[in-house]
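Colleague: For reference, the file model.pdb (PDB, C-alpha atoms) is included below:
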ATOM      1  CA  MET A 307      24.698  12.357  -1.835
ATOM      2  CA  SER A 308      22.948  14.843  -4.049
ATOM      3  CA  LYS A 309      20.034  13.821  -6.232
ATOM      4  CA  TYR A 310      21.646  15.555  -9.209
ATOM      5  CA  SER A 311      25.239  15.236 -10.381
ATOM      6  CA  THR A 312      27.552  18.216 -10.655
ATOM      7  CA  GLU A 313      27.449  17.841 -14.450
ATOM      8  CA  GLN A 314      23.643  18.021 -14.478
ATOM      9  CA  LYS A 315      23.708  21.162 -12.333
ATOM     10  CA  GLN A 316      26.319  22.738 -14.625
ATOM     11  CA  GLU A 317      24.178  21.935 -17.664
ATOM     12  CA  VAL A 318      21.147  23.635 -16.105
ATOM     13  CA  VAL A 319      23.234  26.725 -15.236
ATOM     14  CA  ARG A 320      24.734  26.768 -18.749
ATOM     15  CA  GLN A 321      21.250  26.669 -20.313
ATOM     16  CA  MET A 322      20.151  29.617 -18.177
ATOM     17  CA  LEU A 323      23.266  31.720 -18.783
ATOM     18  CA  GLU A 324      24.187  30.926 -22.406
ATOM     19  CA  ASP A 325      20.905  29.790 -23.964
ATOM     20  CA  LYS A 326      18.884  32.303 -21.935
ATOM     21  CA  ALA A 327      16.528  29.497 -20.909
ATOM     22  CA  SER A 328      14.151  30.087 -18.034
ATOM     23  CA  ALA A 329      14.855  28.387 -14.716
ATOM     24  CA  GLN A 330      11.693  26.354 -15.210
ATOM     25  CA  SER A 331      12.616  24.950 -18.623
ATOM     26  CA  ALA A 332      16.284  24.392 -17.750
ATOM     27  CA  ALA A 333      15.347  22.521 -14.599
ATOM     28  CA  ARG A 334      12.707  20.483 -16.441
ATOM     29  CA  SER A 335      15.392  19.184 -18.810
ATOM     30  CA  ILE A 336      16.831  17.060 -15.973
ATOM     31  CA  GLY A 337      13.643  16.628 -13.962
ATOM     32  CA  ALA A 338      14.519  19.202 -11.294
ATOM     33  CA  ASN A 339      12.483  21.996  -9.718
ATOM     34  CA  LYS A 340      12.636  25.648 -10.710
ATOM     35  CA  SER A 341      13.822  26.514  -7.178
ATOM     36  CA  ASP A 342      16.741  24.077  -7.504
ATOM     37  CA  ALA A 343      17.812  25.738 -10.749
ATOM     38  CA  GLN A 344      17.619  29.181  -9.151
ATOM     39  CA  LYS A 345      19.677  27.997  -6.180
ATOM     40  CA  TRP A 346      22.334  26.491  -8.472
ATOM     41  CA  LEU A 347      22.534  29.712 -10.473
ATOM     42  CA  LYS A 348      23.122  31.725  -7.275
ATOM     43  CA  LEU A 349      25.809  29.278  -6.145
ATOM     44  CA  TYR A 350      27.465  29.402  -9.559
ATOM     45  CA  LYS A 351      27.463  33.197  -9.698
ATOM     46  CA  GLU A 352      28.906  33.420  -6.176
ATOM     47  CA  HIS A 353      31.493  30.609  -6.282
ATOM     48  CA  GLY A 354      31.871  29.484  -9.880
ATOM     49  CA  PRO A 355      31.743  25.796 -10.843
ATOM     50  CA  GLU A 356      33.026  24.793  -7.380
ATOM     51  CA  GLY A 357      29.825  26.148  -5.893
ATOM     52  CA  LEU A 358      27.855  23.350  -7.554
ATOM     53  CA  VAL A 359      29.850  20.608  -5.867
ATOM     54  CA  MET A 360      27.851  19.232  -2.938
ATOM     55  CA  LYS A 361      29.599  19.935   0.329
ATOM     56  CA  ARG A 362      28.962  18.431   3.687
ATOM     57  CA  GLY A 363      30.235  20.082   6.739
ATOM     58  CA  LYS A 364      29.929  20.697  10.384
ATOM     59  CA  TYR A 365      29.838  24.397  11.118
ATOM     60  CA  ASP A 366      31.119  25.875  14.358
ATOM     61  CA  GLY A 367      29.160  28.401  16.394
ATOM     62  CA  LYS A 368      31.337  31.324  15.379
ATOM     63  CA  PHE A 369      30.628  30.654  11.688
ATOM     64  CA  LYS A 370      26.879  30.279  12.301
ATOM     65  CA  GLU A 371      26.745  33.546  14.223
ATOM     66  CA  LYS A 372      28.738  35.308  11.488
ATOM     67  CA  VAL A 373      26.343  34.032   8.795
ATOM     68  CA  VAL A 374      23.199  35.184  10.627
ATOM     69  CA  GLU A 375      24.650  38.591  11.458
ATOM     70  CA  TYR A 376      25.923  39.064   7.888
ATOM     71  CA  MET A 377      22.478  38.203   6.548
ATOM     72  CA  HIS A 378      20.818  40.858   8.688
ATOM     73  CA  THR A 379      23.503  43.486   8.260
ATOM     74  CA  HIS A 380      23.332  43.204   4.463
ATOM     75  CA  ARG A 381      19.567  42.522   4.398
ATOM     76  CA  LEU A 382      19.939  39.307   2.396
ATOM     77  CA  SER A 383      17.388  36.555   2.010
ATOM     78  CA  ILE A 384      18.060  33.156   3.496
ATOM     79  CA  GLY A 385      18.689  31.714   0.018
ATOM     80  CA  ASP A 386      21.111  34.501  -0.956
ATOM     81  CA  THR A 387      22.960  34.082   2.338
ATOM     82  CA  ALA A 388      23.268  30.322   1.837
ATOM     83  CA  ALA A 389      24.681  30.927  -1.655
ATOM     84  CA  LYS A 390      27.083  33.598  -0.388
ATOM     85  CA  PHE A 391      28.593  31.253   2.202
ATOM     86  CA  GLY A 392      28.353  28.078   0.089
ATOM     87  CA  ILE A 393      25.891  26.357   2.395
ATOM     88  CA  PRO A 394      24.074  23.684   0.364
ATOM     89  CA  SER A 395      20.648  24.099   1.961
ATOM     90  CA  HIS A 396      18.978  27.412   2.712
ATOM     91  CA  THR A 397      16.923  25.700   5.426
ATOM     92  CA  THR A 398      20.109  25.342   7.447
ATOM     93  CA  VAL A 399      20.513  29.115   7.517
ATOM     94  CA  GLY A 400      16.836  29.459   8.448
ATOM     95  CA  LYS A 401      17.329  27.152  11.440
ATOM     96  CA  TRP A 402      20.345  29.141  12.585
ATOM     97  CA  GLU A 403      18.374  32.374  12.316
ATOM     98  CA  ARG A 404      15.497  30.940  14.367
ATOM     99  CA  ILE A 405      17.878  29.683  17.055
ATOM    100  CA  TYR A 406      19.715  33.016  17.093
ATOM    101  CA  TYR A 407      16.530  35.002  17.753
ATOM    102  CA  GLU A 408      14.709  32.529  19.996
ATOM    103  CA  GLU A 409      17.579  31.309  22.168
ATOM    104  CA  GLY A 410      20.371  33.800  21.590
ATOM    105  CA  ALA A 411      23.747  33.642  19.855
ATOM    106  CA  ALA A 412      25.173  31.332  22.540
ATOM    107  CA  ALA A 413      22.748  28.588  21.461
ATOM    108  CA  LEU A 414      24.485  28.428  18.069
ATOM    109  CA  TYR A 415      27.609  27.149  19.819
ATOM    110  CA  LYS A 416      25.836  24.062  21.161
ATOM    111  CA  ASP A 417      26.042  20.881  19.115
ATOM    112  CA  ASN A 418      22.399  19.821  18.829
ATOM    113  CA  ARG A 419      22.842  17.062  16.280
ATOM    114  CA  GLY A 420      21.920  13.459  16.975
ATOM    115  CA  ARG A 421      20.269  11.784  19.904
ATOM    116  CA  LYS A 422      20.591  13.316  23.336
ATOM    117  CA  PRO A 423      23.082  11.517  25.591
ATOM    118  CA  MET A 424      21.678   9.377  28.375
ATOM    119  CA  THR A 425      22.012  10.900  31.791
ATOM    120  CA  GLY A 426      22.094   9.077  35.088
ATOM    121  CA  GLU A 427      18.663  10.439  35.951
ATOM    122  CA  ARG A 428      15.799   8.067  35.268
ATOM    123  CA  LYS A 429      12.177   8.193  36.176
ATOM    124  CA  PRO A 430      11.623   6.520  39.502
ATOM    125  CA  ARG A 431       9.656   3.302  39.302
ATOM    126  CA  LYS A 432       6.328   2.991  41.008
ATOM    127  CA  PRO A 433       6.759   1.250  44.324
ATOM    128  CA  LYS A 434       5.665  -2.381  44.390
ATOM    129  CA  LEU A 435       2.552  -3.041  46.426
ATOM    130  CA  ASP A 436       2.654  -5.575  49.199
ATOM    131  CA  LYS A 437       0.795  -8.836  48.573
ATOM    132  CA  LYS A 438      -2.163  -8.026  50.870
ATOM    133  CA  THR A 439      -2.829  -4.614  49.261
ATOM    134  CA  GLU A 440      -2.640  -6.088  45.766
ATOM    135  CA  GLU A 441      -5.137  -8.849  46.689
ATOM    136  CA  ASP A 442      -7.505  -6.255  48.217
ATOM    137  CA  LEU A 443      -7.403  -4.164  45.039
ATOM    138  CA  ILE A 444      -8.101  -7.197  42.849
ATOM    139  CA  ALA A 445     -11.052  -8.199  45.055
ATOM    140  CA  GLU A 446     -12.457  -4.640  44.994
ATOM    141  CA  ASN A 447     -12.113  -4.534  41.202
ATOM    142  CA  GLN A 448     -14.027  -7.825  40.865
ATOM    143  CA  ARG A 449     -16.760  -6.587  43.242
ATOM    144  CA  LEU A 450     -17.176  -3.355  41.247
ATOM    145  CA  ARG A 451     -17.413  -5.293  37.984
ATOM    146  CA  MET A 452     -20.136  -7.517  39.448
ATOM    147  CA  GLU A 453     -22.005  -4.459  40.732
ATOM    148  CA  ASN A 454     -21.776  -2.813  37.312
ATOM    149  CA  ALA A 455     -23.055  -5.966  35.575
ATOM    150  CA  TYR A 456     -25.947  -6.239  38.080
ATOM    151  CA  LEU A 457     -27.009  -2.626  37.494
ATOM    152  CA  LYS A 458     -26.875  -3.059  33.714
ATOM    153  CA  LYS A 459     -29.061  -6.193  33.941
ATOM    154  CA  LEU A 460     -31.508  -4.437  36.286
ATOM    155  CA  ASN A 461     -31.726  -1.475  33.892
ATOM    156  CA  ALA A 462     -32.397  -3.822  30.956
ATOM    157  CA  LEU A 463     -35.195  -5.575  32.904
ATOM    158  CA  VAL A 464     -36.803  -2.246  33.871
ATOM    159  CA  GLN A 465     -36.657  -1.049  30.253
ATOM    160  CA  GLU A 466     -38.230  -4.321  29.080
ATOM    161  CA  ARG A 467     -41.026  -4.014  31.652
ATOM    162  CA  VAL A 468     -41.749  -0.391  30.630
ATOM    163  CA  GLN A 469     -41.965  -1.393  26.959
ATOM    164  CA  ARG A 470     -44.308  -4.284  27.790
ATOM    165  CA  GLU A 471     -46.599  -2.000  29.767
ATOM    166  CA  ASN A 472     -46.571   0.638  27.006
ATOM    167  CA  GLY A 473     -47.432  -2.012  24.470
ATOM    168  CA  LYS A 474     -50.518  -3.265  26.402
ATOM    169  CA  LYS A 475     -52.056   0.220  26.753
ATOM    170  CA  HIS A 476     -52.399   0.743  22.995
TER
END
Show me, as structure tokens, the structure contained in the file I just sent.
Modeller:
Amino acid sequence: MSKYSTEQKQEVVRQMLEDKASAQSAARSIGANKSDAQKWLKLYKEHGPEGLVMKRGKYDGKFKEKVVEYMHTHRLSIGDTAAKFGIPSHTTVGKWERIYYEEGAAALYKDNRGRKPMTGERKPRKPKLDKKTEEDLIAENQRLRMENAYLKKLNALVQERVQRENGKKH
């Protein structure tokens, strides 16, 4: 659902065409952005009032490829291309262009929407350790902790002794 109704979009376009209002002031009258007003004007000029009706669609690979190639053949901007083909968002055309040049035209034919399907391949689980090995690891961990605590205490005692000796000399 669009943030702005078709009537609001038509009013903004009417202000720009008939009243010669700037895109900024026409858009401000309904709380929209200047770029929205410019986009609606392009859609209106290309498709008439029907161009302002929000469309949702799923585009096939052939259409996507045609749009990207048309854009480059006619040296159009992404926004102008979106208006020409009645695509509501220019970012959609930008994504298609990126895919076309990074992955090739064949990648436009893949349906990349939504979550990837689960495959039968899963990460293998770590093998369970036998009881004896697990007990040995726990015992070694406890021994290392005790050793670490002992060394920390020894270090603290040495530091205390050094400070005591330094204090007596002065």
Colleague: With all atoms listed in the file as the atoms that count, which of A:Glu453, A:Asp442, A:Glu427, A:Asp386 lies nearest to A:Leu347?
Modeller: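 Selected residue with least distance to A:Leu347: A:Asp386.
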Colleague: Determine the nearest neighbour of A:Lys348 from the options A:Ala462, A:Val319, A:Ala389, A:Leu382, counting only C-alpha atoms.
Modeller: A:Ala389
Colleague: Report as a PyMOL selection string the full result of the PyMOL selection byres ((chain A and resi 323) around 12) when it is applied to this structure.
Modeller: chain A and resi 316-322+324-329+332+343-344+346-348+350-351
Colleague: Using only C-alpha atoms, which of the listed residues (A:Asn472, A:Thr397, A:Asn447, A:Gln314) sits closest to A:Gly385?
Modeller: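 Closest residue, counting only C-alpha atoms: A:Thr397.
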Colleague: Do you have the atom CA of A:Tyr365-atom CA of A:Asp417 distance handy?
Modeller: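 That distance, rounded to one decimal, is 9.5 Å.
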Colleague: Could you give me, as a ChimeraX atom specification, the residues that have an atom at most 9 Å away from the point (25.0, 32.7, 1.5) in the coordinates of the file, using all atoms listed in the file?
Modeller: /A:349,352,373,377,382-393,396,399
Colleague: Ranking A:Lys434, A:Arg467, A:Lys416, A:Lys459 by minimum distance to A:Lys368 and counting all atoms listed in the file, which one comes first?
Modeller: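 Closest candidate: A:Lys416.
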Colleague: Can I get a file of stretch 371-425 of chain A from the given structure, C-alpha atoms kept, as a CSV table (one decimal), in the first residue's frame?
Modeller:
chain,number,residue,atom,x,y,z
A,371,GLU,CA,16.6,-7.9,-19.3
A,372,LYS,CA,14.6,-5.8,-21.8
A,373,VAL,CA,14.3,-2.9,-19.3
A,374,VAL,CA,18.1,-2.9,-18.5
A,375,GLU,CA,19.0,-3.1,-22.2
A,376,TYR,CA,16.5,-0.4,-23.1
A,377,MET,CA,17.9,1.9,-20.4
A,378,HIS,CA,21.5,1.5,-21.8
A,379,THR,CA,20.5,1.7,-25.4
A,380,HIS,CA,18.6,4.9,-24.9
A,381,ARG,CA,21.0,6.2,-22.3
A,382,LEU,CA,18.2,6.8,-19.7
A,383,SER,CA,18.6,7.3,-16.0
A,384,ILE,CA,17.2,4.6,-13.6
A,385,GLY,CA,14.3,6.9,-12.7
A,386,ASP,CA,13.4,7.7,-16.3
A,387,THR,CA,13.5,4.0,-17.1
A,388,ALA,CA,11.3,3.1,-14.2
A,389,ALA,CA,8.8,5.7,-15.3
A,390,LYS,CA,8.9,4.6,-18.9
A,391,PHE,CA,8.1,1.0,-18.0
A,392,GLY,CA,5.7,1.9,-15.1
A,393,ILE,CA,7.8,0.3,-12.4
A,394,PRO,CA,6.9,1.9,-9.1
A,395,SER,CA,10.4,2.1,-7.6
A,396,HIS,CA,13.5,3.1,-9.4
A,397,THR,CA,15.6,1.1,-6.9
A,398,THR,CA,14.1,-2.1,-8.5
A,399,VAL,CA,15.6,-1.1,-11.9
A,400,GLY,CA,18.9,-0.3,-10.1
A,401,LYS,CA,19.0,-3.8,-8.6
A,402,TRP,CA,18.3,-5.4,-12.0
A,403,GLU,CA,21.1,-3.3,-13.6
A,404,ARG,CA,23.6,-4.4,-10.9
A,405,ILE,CA,22.6,-8.1,-11.3
A,406,TYR,CA,22.9,-7.8,-15.1
A,407,TYR,CA,26.4,-6.4,-14.9
A,408,GLU,CA,27.7,-8.4,-12.0
A,409,GLU,CA,26.2,-11.8,-12.7
A,410,GLY,CA,25.0,-11.6,-16.3
A,411,ALA,CA,21.6,-11.5,-18.0
A,412,ALA,CA,20.9,-15.2,-17.0
A,413,ALA,CA,20.8,-14.1,-13.3
A,414,LEU,CA,17.8,-12.0,-14.0
A,415,TYR,CA,15.8,-15.1,-14.8
A,416,LYS,CA,16.3,-16.5,-11.3
A,417,ASP,CA,13.6,-15.9,-8.7
A,418,ASN,CA,15.6,-14.5,-5.8
A,419,ARG,CA,12.7,-13.4,-3.6
A,420,GLY,CA,12.1,-14.7,-0.2
A,421,ARG,CA,13.9,-17.1,2.0
A,422,LYS,CA,16.2,-19.7,0.4
A,423,PRO,CA,14.7,-23.2,0.4
A,424,MET,CA,16.1,-25.8,2.8
A,425,THR,CA,18.3,-28.4,1.2
